[in-house]
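Visitor: For reference, this is structure_35.csv, and it has CSV, C-alpha atoms.
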```csv
chain,number,residue,atom,x,y,z
K,1298,MET,CA,-50.5,30.9,-60.0
K,1299,SER,CA,-47.5,28.7,-60.6
K,1300,ALA,CA,-47.6,25.0,-59.8
K,1301,PRO,CA,-44.2,24.3,-58.2
K,1302,GLU,CA,-44.9,20.6,-57.9
K,1303,ARG,CA,-44.8,20.4,-61.6
K,1304,ALA,CA,-41.6,22.4,-62.0
K,1305,SER,CA,-38.8,20.5,-63.6
K,1306,VAL,CA,-35.2,20.8,-64.7
K,1307,GLN,CA,-33.5,19.3,-67.7
K,1308,LEU,CA,-30.5,17.2,-66.9
K,1309,VAL,CA,-28.2,15.0,-68.9
K,1310,ILE,CA,-28.3,11.5,-67.3
K,1311,LEU,CA,-25.3,9.3,-67.8
K,1312,LEU,CA,-26.3,5.7,-67.8
K,1313,ARG,CA,-24.3,2.6,-67.1
K,1314,HIS,CA,-25.8,-0.9,-67.7
K,1315,CYS,CA,-29.1,0.9,-68.4
K,1316,SER,CA,-29.1,2.5,-64.9
K,1317,PRO,CA,-28.6,6.1,-64.0
K,1318,ALA,CA,-25.1,6.7,-62.8
K,1319,LEU,CA,-24.5,10.5,-62.9
K,1320,ALA,CA,-26.3,13.7,-63.8
K,1321,LEU,CA,-25.0,16.8,-65.5
K,1322,ASP,CA,-26.6,20.2,-66.0
K,1323,THR,CA,-27.6,20.4,-69.6
K,1324,ARG,CA,-25.9,23.8,-69.8
K,1325,ASP,CA,-22.6,22.1,-69.0
K,1326,VAL,CA,-22.9,19.7,-71.9
K,1327,LEU,CA,-22.0,21.5,-75.1
K,1328,GLY,CA,-22.4,18.4,-77.3
K,1329,SER,CA,-21.5,14.8,-78.0
K,1330,PRO,CA,-19.4,14.7,-81.1
K,1331,VAL,CA,-20.2,11.7,-83.2
K,1332,GLN,CA,-16.6,11.0,-84.4
K,1333,THR,CA,-15.3,7.7,-83.4
K,1334,ALA,CA,-13.8,7.6,-80.0
K,1335,ALA,CA,-10.5,6.3,-81.3
K,1336,ASN,CA,-9.9,9.6,-83.1
K,1337,ARG,CA,-10.4,11.8,-80.1
K,1338,PRO,CA,-7.8,11.2,-77.4
K,1339,CYS,CA,-9.4,12.5,-74.2
K,1340,PRO,CA,-9.5,11.6,-70.5
K,1341,ASP,CA,-12.0,9.1,-69.2
K,1342,LEU,CA,-14.8,10.5,-67.1
K,1343,ASP,CA,-14.4,7.5,-64.8
K,1344,ALA,CA,-10.9,8.5,-64.0
K,1345,ILE,CA,-11.8,12.1,-63.3
K,1346,LEU,CA,-14.9,11.3,-61.2
K,1347,ALA,CA,-13.6,8.0,-59.7
K,1348,PRO,CA,-15.1,8.4,-56.2
K,1349,CYS,CA,-18.5,9.0,-57.7
K,1350,LEU,CA,-18.5,6.0,-60.0
K,1351,PRO,CA,-17.8,2.6,-58.6
K,1352,PRO,CA,-15.6,0.4,-60.8
K,1353,ALA,CA,-17.8,-1.2,-63.5
K,1354,ASP,CA,-17.3,-3.6,-66.4
K,1355,THR,CA,-17.7,-1.3,-69.4
K,1356,ARG,CA,-16.7,-3.8,-72.1
K,1357,ASN,CA,-20.2,-3.9,-73.5
K,1358,GLU,CA,-21.0,-0.2,-73.1
K,1359,PRO,CA,-20.9,2.2,-76.0
K,1360,THR,CA,-18.2,4.8,-76.0
K,1361,ARG,CA,-19.2,8.4,-76.2
K,1362,ILE,CA,-17.4,11.7,-76.3
K,1363,LEU,CA,-18.8,14.6,-74.4
K,1364,GLU,CA,-17.9,18.2,-74.9
K,1365,LEU,CA,-18.3,19.9,-71.5
K,1366,ARG,CA,-18.3,23.6,-70.6
K,1367,HIS,CA,-15.5,24.6,-68.2
K,1368,PRO,CA,-14.1,27.9,-67.1
K,1369,GLN,CA,-10.8,27.0,-68.8
K,1370,GLY,CA,-12.5,26.3,-72.1
K,1371,PRO,CA,-14.5,23.4,-73.5
K,1372,GLN,CA,-13.2,20.0,-72.5
K,1373,LEU,CA,-13.6,16.6,-74.2
K,1374,VAL,CA,-14.1,13.5,-72.0
K,1375,ARG,CA,-14.8,9.9,-72.8
K,1376,TRP,CA,-17.9,8.2,-71.3
K,1377,GLN,CA,-18.4,4.4,-71.5
K,1378,GLY,CA,-22.2,4.2,-71.4
K,1379,ASP,CA,-25.4,5.8,-72.6
K,1380,LEU,CA,-26.8,9.3,-72.3
K,1381,GLU,CA,-30.3,10.5,-71.8
K,1382,LEU,CA,-31.8,13.9,-71.7
K,1383,CYS,CA,-34.3,13.9,-68.9
K,1384,GLY,CA,-36.8,16.2,-67.3
K,1385,ILE,CA,-36.5,15.9,-63.6
K,1386,GLY,CA,-39.2,17.1,-61.2
K,1387,ILE,CA,-37.7,19.5,-58.6
K,1388,GLN,CA,-38.9,17.2,-55.8
K,1389,GLN,CA,-36.4,14.7,-57.2
K,1390,LEU,CA,-33.6,17.2,-56.8
K,1391,HIS,CA,-32.0,17.3,-53.4
K,1392,PRO,CA,-29.6,19.9,-52.0
K,1393,LEU,CA,-26.7,18.3,-50.1
K,1394,PRO,CA,-27.1,17.8,-46.4
K,1395,ASP,CA,-24.3,19.7,-44.5
K,1396,LEU,CA,-22.3,16.7,-43.4
K,1397,LEU,CA,-22.5,15.0,-46.7
K,1398,ARG,CA,-21.2,18.1,-48.5
K,1399,ALA,CA,-18.4,18.3,-46.0
K,1400,ARG,CA,-17.3,14.7,-46.3
K,1401,THR,CA,-17.8,13.9,-50.0
K,1402,ARG,CA,-14.8,12.8,-52.0
K,1403,CYS,CA,-16.8,13.3,-55.2
K,1404,PRO,CA,-15.4,16.3,-57.2
K,1405,GLY,CA,-17.9,18.9,-58.2
K,1406,LEU,CA,-20.8,17.2,-56.3
K,1407,ARG,CA,-23.6,19.8,-56.3
K,1408,ALA,CA,-26.7,17.9,-55.4
K,1409,LEU,CA,-28.3,14.4,-55.5
K,1410,VAL,CA,-31.0,13.4,-58.0
K,1411,GLU,CA,-33.5,10.7,-57.1
K,1412,ILE,CA,-34.2,8.5,-60.0
K,1413,ASP,CA,-35.5,4.9,-60.1
K,1414,SER,CA,-35.2,4.5,-56.4
K,1415,ARG,CA,-31.5,5.6,-56.5
K,1416,MET,CA,-29.7,8.7,-55.5
K,1417,ILE,CA,-27.2,9.7,-58.2
K,1418,PRO,CA,-24.7,12.6,-58.0
K,1419,LEU,CA,-25.4,15.8,-59.9
K,1420,ILE,CA,-22.0,17.1,-60.9
K,1421,ASP,CA,-21.2,20.7,-61.4
K,1422,TRP,CA,-18.6,20.3,-64.2
K,1423,THR,CA,-17.4,23.9,-64.0
K,1424,SER,CA,-16.1,23.2,-60.5
K,1425,VAL,CA,-14.4,19.9,-61.2
Q,298,MET,CA,-61.1,30.2,18.2
Q,299,SER,CA,-61.8,31.1,14.7
Q,300,ASN,CA,-60.6,34.3,13.2
Q,301,GLU,CA,-63.3,35.4,10.9
Q,302,LEU,CA,-62.4,37.3,7.9
Q,303,PRO,CA,-64.4,39.3,5.5
Q,304,LEU,CA,-65.1,37.3,2.4
Q,305,ASP,CA,-63.1,39.6,0.1
Q,306,GLU,CA,-60.0,39.3,2.3
Q,307,ALA,CA,-60.5,35.5,2.6
Q,308,LEU,CA,-60.6,35.2,-1.2
Q,309,GLN,CA,-57.6,37.4,-1.6
Q,310,ARG,CA,-55.7,35.2,0.8
Q,311,ARG,CA,-56.6,32.1,-1.2
Q,312,ILE,CA,-55.5,33.8,-4.3
Q,313,GLN,CA,-52.2,34.8,-2.7
Q,314,ASP,CA,-51.7,31.2,-1.3
Q,315,ALA,CA,-52.1,29.8,-4.8
Q,316,GLU,CA,-49.6,32.3,-6.2
Q,317,ASP,CA,-47.1,31.4,-3.4
Q,318,ILE,CA,-47.1,27.8,-4.2
Q,319,CYS,CA,-43.8,27.2,-5.9
Q,320,ASP,CA,-42.6,24.3,-7.9
Q,321,VAL,CA,-40.5,22.3,-5.6
Q,322,ASP,CA,-39.9,19.6,-8.3
Q,323,GLU,CA,-36.3,19.2,-9.1
Q,324,PRO,CA,-35.4,20.4,-12.6
Q,325,SER,CA,-35.1,17.5,-14.9
Q,326,VAL,CA,-33.7,16.8,-18.4
Q,327,LYS,CA,-35.1,14.6,-21.1
Q,328,LEU,CA,-32.6,12.1,-22.4
Q,329,VAL,CA,-32.7,9.6,-25.2
Q,330,LEU,CA,-30.8,6.4,-24.3
Q,331,ILE,CA,-29.3,4.4,-27.0
Q,332,ARG,CA,-27.0,1.4,-27.3
Q,333,MET,CA,-24.0,1.3,-29.7
Q,334,ALA,CA,-21.6,-1.7,-29.7
Q,335,ASP,CA,-22.9,-3.0,-26.4
Q,336,GLU,CA,-22.3,0.4,-24.7
Q,337,ASP,CA,-25.1,2.7,-23.5
Q,338,PHE,CA,-25.1,6.4,-24.3
Q,339,ALA,CA,-27.5,9.3,-23.7
Q,340,ILE,CA,-28.4,12.1,-26.0
Q,341,PRO,CA,-30.1,15.2,-24.8
Q,342,GLY,CA,-33.8,15.0,-25.8
Q,343,GLU,CA,-33.7,18.5,-27.2
Q,344,GLN,CA,-31.3,17.4,-29.9
Q,345,VAL,CA,-33.4,14.4,-31.0
Q,346,ARG,CA,-36.1,15.5,-33.4
Q,347,GLU,CA,-37.5,12.1,-34.4
Q,348,VAL,CA,-36.9,8.4,-34.1
Q,349,LEU,CA,-37.4,6.4,-37.3
Q,350,ALA,CA,-38.0,2.7,-37.9
Q,351,ALA,CA,-34.9,0.7,-38.4
Q,352,ASP,CA,-36.0,-0.4,-41.8
Q,353,THR,CA,-36.3,3.1,-43.2
Q,354,PRO,CA,-34.7,2.8,-46.7
Q,355,VAL,CA,-31.2,4.3,-46.9
Q,356,PHE,CA,-29.9,5.4,-50.3
Q,357,PHE,CA,-26.3,4.7,-50.9
Q,358,VAL,CA,-24.3,7.7,-52.1
Q,359,PRO,CA,-21.0,7.1,-53.8
Q,360,GLY,CA,-17.8,8.8,-52.7
Q,361,MET,CA,-18.6,8.9,-49.0
Q,362,PRO,CA,-16.5,7.6,-46.0
Q,363,ASP,CA,-17.6,4.3,-44.5
Q,364,SER,CA,-19.1,6.1,-41.6
Q,365,MET,CA,-21.7,7.7,-43.8
Q,366,GLN,CA,-24.3,5.1,-44.8
Q,367,GLY,CA,-26.0,7.4,-47.3
Q,368,VAL,CA,-29.2,9.4,-47.2
Q,369,ILE,CA,-32.8,8.9,-46.2
Q,370,ASN,CA,-35.8,10.6,-47.8
Q,371,LEU,CA,-37.7,12.2,-44.9
Q,372,ARG,CA,-41.0,13.5,-46.2
Q,373,GLY,CA,-39.4,14.8,-49.4
Q,374,ASP,CA,-36.2,16.2,-47.9
Q,375,ILE,CA,-33.0,14.1,-47.6
Q,376,GLU,CA,-30.9,13.7,-44.4
Q,377,SER,CA,-27.5,12.1,-44.2
Q,378,VAL,CA,-27.1,8.9,-42.1
Q,379,ILE,CA,-23.9,8.6,-40.2
Q,380,LEU,CA,-22.4,6.1,-37.8
Q,381,LEU,CA,-20.7,7.6,-34.7
Q,382,HIS,CA,-18.8,4.3,-34.0
Q,383,SER,CA,-15.6,5.5,-35.6
Q,384,LEU,CA,-15.5,8.8,-33.7
Q,385,LEU,CA,-16.3,7.0,-30.4
Q,386,GLN,CA,-13.9,4.1,-31.2
Q,387,LEU,CA,-16.6,1.5,-31.1
Q,388,ASP,CA,-16.8,-1.7,-33.1
Q,389,PRO,CA,-19.5,-1.1,-35.8
Q,390,GLY,CA,-20.3,-4.8,-35.8
Q,391,ASN,CA,-23.6,-5.4,-37.6
Q,392,CYS,CA,-24.9,-1.9,-37.0
Q,393,GLN,CA,-24.4,-1.1,-40.6
Q,394,HIS,CA,-27.9,-2.0,-41.7
Q,395,HIS,CA,-29.8,-2.6,-38.5
Q,396,GLY,CA,-30.8,-0.5,-35.6
Q,397,THR,CA,-32.7,2.6,-34.9
Q,398,LEU,CA,-32.3,5.8,-36.9
Q,399,LEU,CA,-32.5,9.1,-34.9
Q,400,ILE,CA,-32.9,12.4,-36.6
Q,401,THR,CA,-30.7,14.7,-34.5
Q,402,GLN,CA,-29.4,18.2,-34.6
Q,403,GLY,CA,-26.2,19.8,-33.3
Q,404,ALA,CA,-23.8,22.5,-34.2
Q,405,GLY,CA,-26.3,24.0,-36.6
Q,406,MET,CA,-26.5,20.7,-38.6
Q,407,ARG,CA,-29.1,18.0,-38.9
Q,408,THR,CA,-28.4,14.3,-39.6
Q,409,ALA,CA,-29.7,10.9,-38.8
Q,410,ILE,CA,-27.5,8.7,-36.6
Q,411,ARG,CA,-27.6,5.0,-36.6
Q,412,ALA,CA,-27.7,3.3,-33.2
Q,413,ASP,CA,-27.9,-0.4,-32.5
Q,414,GLU,CA,-30.9,0.0,-30.2
Q,415,LEU,CA,-33.2,2.7,-28.7
Q,416,ILE,CA,-33.3,1.8,-25.0
Q,417,ASP,CA,-35.5,4.5,-23.5
Q,418,VAL,CA,-36.6,8.0,-23.5
Q,419,CYS,CA,-36.8,9.4,-20.0
Q,420,ASP,CA,-36.7,12.4,-17.7
Q,421,VAL,CA,-34.0,12.4,-15.2
Q,422,PRO,CA,-33.3,14.8,-12.3
Q,423,GLN,CA,-30.6,17.2,-13.2
Q,424,SER,CA,-28.8,16.1,-10.0
Q,425,ALA,CA,-28.3,12.7,-11.5
Q,426,MET,CA,-26.0,14.2,-14.1
Q,427,GLU,CA,-22.4,14.4,-13.1
Q,428,PRO,CA,-19.4,15.9,-14.8
Q,429,PRO,CA,-17.3,13.5,-16.8
Q,430,PRO,CA,-15.1,11.5,-14.5
Q,431,GLU,CA,-11.3,11.6,-14.5
Q,432,HIS,CA,-11.1,8.1,-15.7
Q,433,LEU,CA,-13.2,8.7,-18.8
Q,434,PRO,CA,-11.1,7.4,-21.8
Q,435,GLU,CA,-9.2,10.1,-23.5
Q,436,HIS,CA,-10.9,9.6,-26.9
Q,437,LEU,CA,-14.3,10.2,-25.4
Q,438,ARG,CA,-13.5,13.4,-23.5
Q,439,PRO,CA,-14.2,15.8,-26.3
Q,440,TYR,CA,-17.6,14.2,-26.9
Q,441,VAL,CA,-19.0,13.6,-23.5
Q,442,SER,CA,-20.7,16.5,-21.6
Q,443,ALA,CA,-21.8,14.6,-18.5
Q,444,VAL,CA,-22.4,11.1,-17.2
Q,445,LEU,CA,-25.6,9.6,-15.8
Q,446,ARG,CA,-25.8,6.8,-13.2
Q,447,ARG,CA,-28.6,4.5,-14.0
Q,448,ASN,CA,-29.3,1.0,-12.9
Q,449,GLU,CA,-25.8,0.5,-11.6
Q,450,ARG,CA,-24.4,1.6,-15.0
Q,451,MET,CA,-22.8,4.8,-16.0
Q,452,LEU,CA,-23.9,6.3,-19.3
Q,453,ALA,CA,-22.0,9.0,-21.2
Q,454,VAL,CA,-24.2,11.9,-22.3
Q,455,LEU,CA,-23.0,12.7,-25.8
Q,456,ASP,CA,-22.2,16.2,-26.9
Q,457,LEU,CA,-23.6,16.2,-30.4
Q,458,ASN,CA,-22.4,19.7,-31.1
Q,459,SER,CA,-18.8,18.6,-30.6
Q,460,LEU,CA,-19.3,15.3,-32.4
Q,461,PHE,CA,-20.8,16.9,-35.5
Q,462,LYS,CA,-18.2,19.6,-35.7
Q,463,GLN,CA,-15.4,16.9,-35.6
Q,464,TYR,CA,-17.2,14.8,-38.1
Q,465,ARG,CA,-17.6,17.7,-40.5
Q,466,GLN,CA,-13.9,18.4,-40.2
Q,467,GLY,CA,-13.1,14.9,-41.4
Q,468,SER,CA,-12.8,12.8,-38.2
Q,469,GLY,CA,-14.6,9.5,-38.1
```
Written as structure tokens, how would this file's structure read?
Guide:
Amino acid sequence: MSAPERASVQLVILLRHCSPALALDTRDVLGSPVQTAANRPCPDLDAILAPCLPPADTRNEPTRILELRHPQGPQLVRWQGDLELCGIGIQQLHPLPDLLRARTRCPGLRALVEIDSRMIPLIDWTSV
Amino acid sequence: MSNELPLDEALQRRIQDAEDICDVDEPSVKLVLIRMADEDFAIPGEQVREVLAADTPVFFVPGMPDSMQGVINLRGDIESVILLHSLLQLDPGNCQHHGTLLITQGAGMRTAIRADELIDVCDVPQSAMEPPPEHLPEHLRPYVSAVLRRNERMLAVLDLNSLFKQYRQGSG
């Protein structure tokens, strides 16, 4: 018999100032090219997902490039912060309540993930 | 002069008497009375599932309107927490982080609403409910199903179905 309480999902957690800020499905993250950010002109994730990410001082954050899966083809975006691959228990994964889903301004918001006493947005990049 | 009856018939009459007793109590409705911005409102009890402590932790969720405080974790499931002040054109005052949380349902949705104070939970005779009066402010008309006179005050009975539909569509 399966033990659903131990079931988990793998998510890529985007960290800012060492705190979870955003989650992505690992299937949507194709890679994180190690070339220097300056050589890869690409949009900032903060600009695309502005409502989900409160303005933050990112001067001391590392710059990373993410290659993300999208129906129109792989997309490169810049992220000022850290990344972590994390196994999340399914009890920490919360479907969106009706009114929240209806009123969110967060593009691609699919669910909320409870980590470290915070609720962070899980983004479906394919619908952003 | 007594009219003696056979025992069987006497018992049968008693049984019939008991069956004939009808409930003459007036139909009543359960209401949850709340205060928001110094105004009292009523919510039909059937639409209130639970009342939570004011200090229940509310998780902030980015990208939401000011009227959505966030979510609460209710025994493993999350529920949104909304303020009705904007829809009802009330001053939110300091209700942002204080006051009772009520888990409510309406229009097929469930959400917590934040009220300044839980006043009472009571049964009132249906006859105490009146249709919304002519002088009810225009902005309240879509959201008030009846009014209740209580202690010299008139309380609006909120129509959560209508409120939640409007909220879902972007009002408030």
Visitor: Give me the residues near Asn370 (chain Q) as a ChimeraX atom specification, where near means some atom within 9 Å (using all atoms listed in the file) and where sequence neighbours in that chain fewer than 2 positions away do not count.
Guide: /Q:353-356,368,372-376
Visitor: For chain K, report every residue with an atom at most 8 Å from chain Q (counting only C-alpha atoms), formatted as a PyMOL selection string.
Guide: chain K and resi 1348-1351+1388+1391+1393-1397+1399-1403+1415-1418
Visitor: Give me, please, the distance in Å between CA of Val1306 (chain K) and CA of Ala1318 (chain K), quoted to one decimal.
Guide: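 Computing the Euclidean distance for CA of Val1306 (chain K) and CA of Ala1318 (chain K) yields 17.4 Å.
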Visitor: Using only C-alpha atoms, which of the listed residues (K:Leu1409, K:Leu1365, K:Leu1380, K:Ile1387) sits closest to Cys1315 (chain K)?
Guide: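 Of K:Leu1409, K:Leu1365, K:Leu1380, K:Ile1387, the one nearest Cys1315 (chain K) is K:Leu1380, counting only C-alpha atoms.
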Visitor: Between K:Gln1377, K:Leu1363, K:Val1425, K:Val1410, which one has atoms that come closest to Gln1389 (chain K), using only C-alpha atoms?
Guide: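 Closest candidate: K:Val1410.
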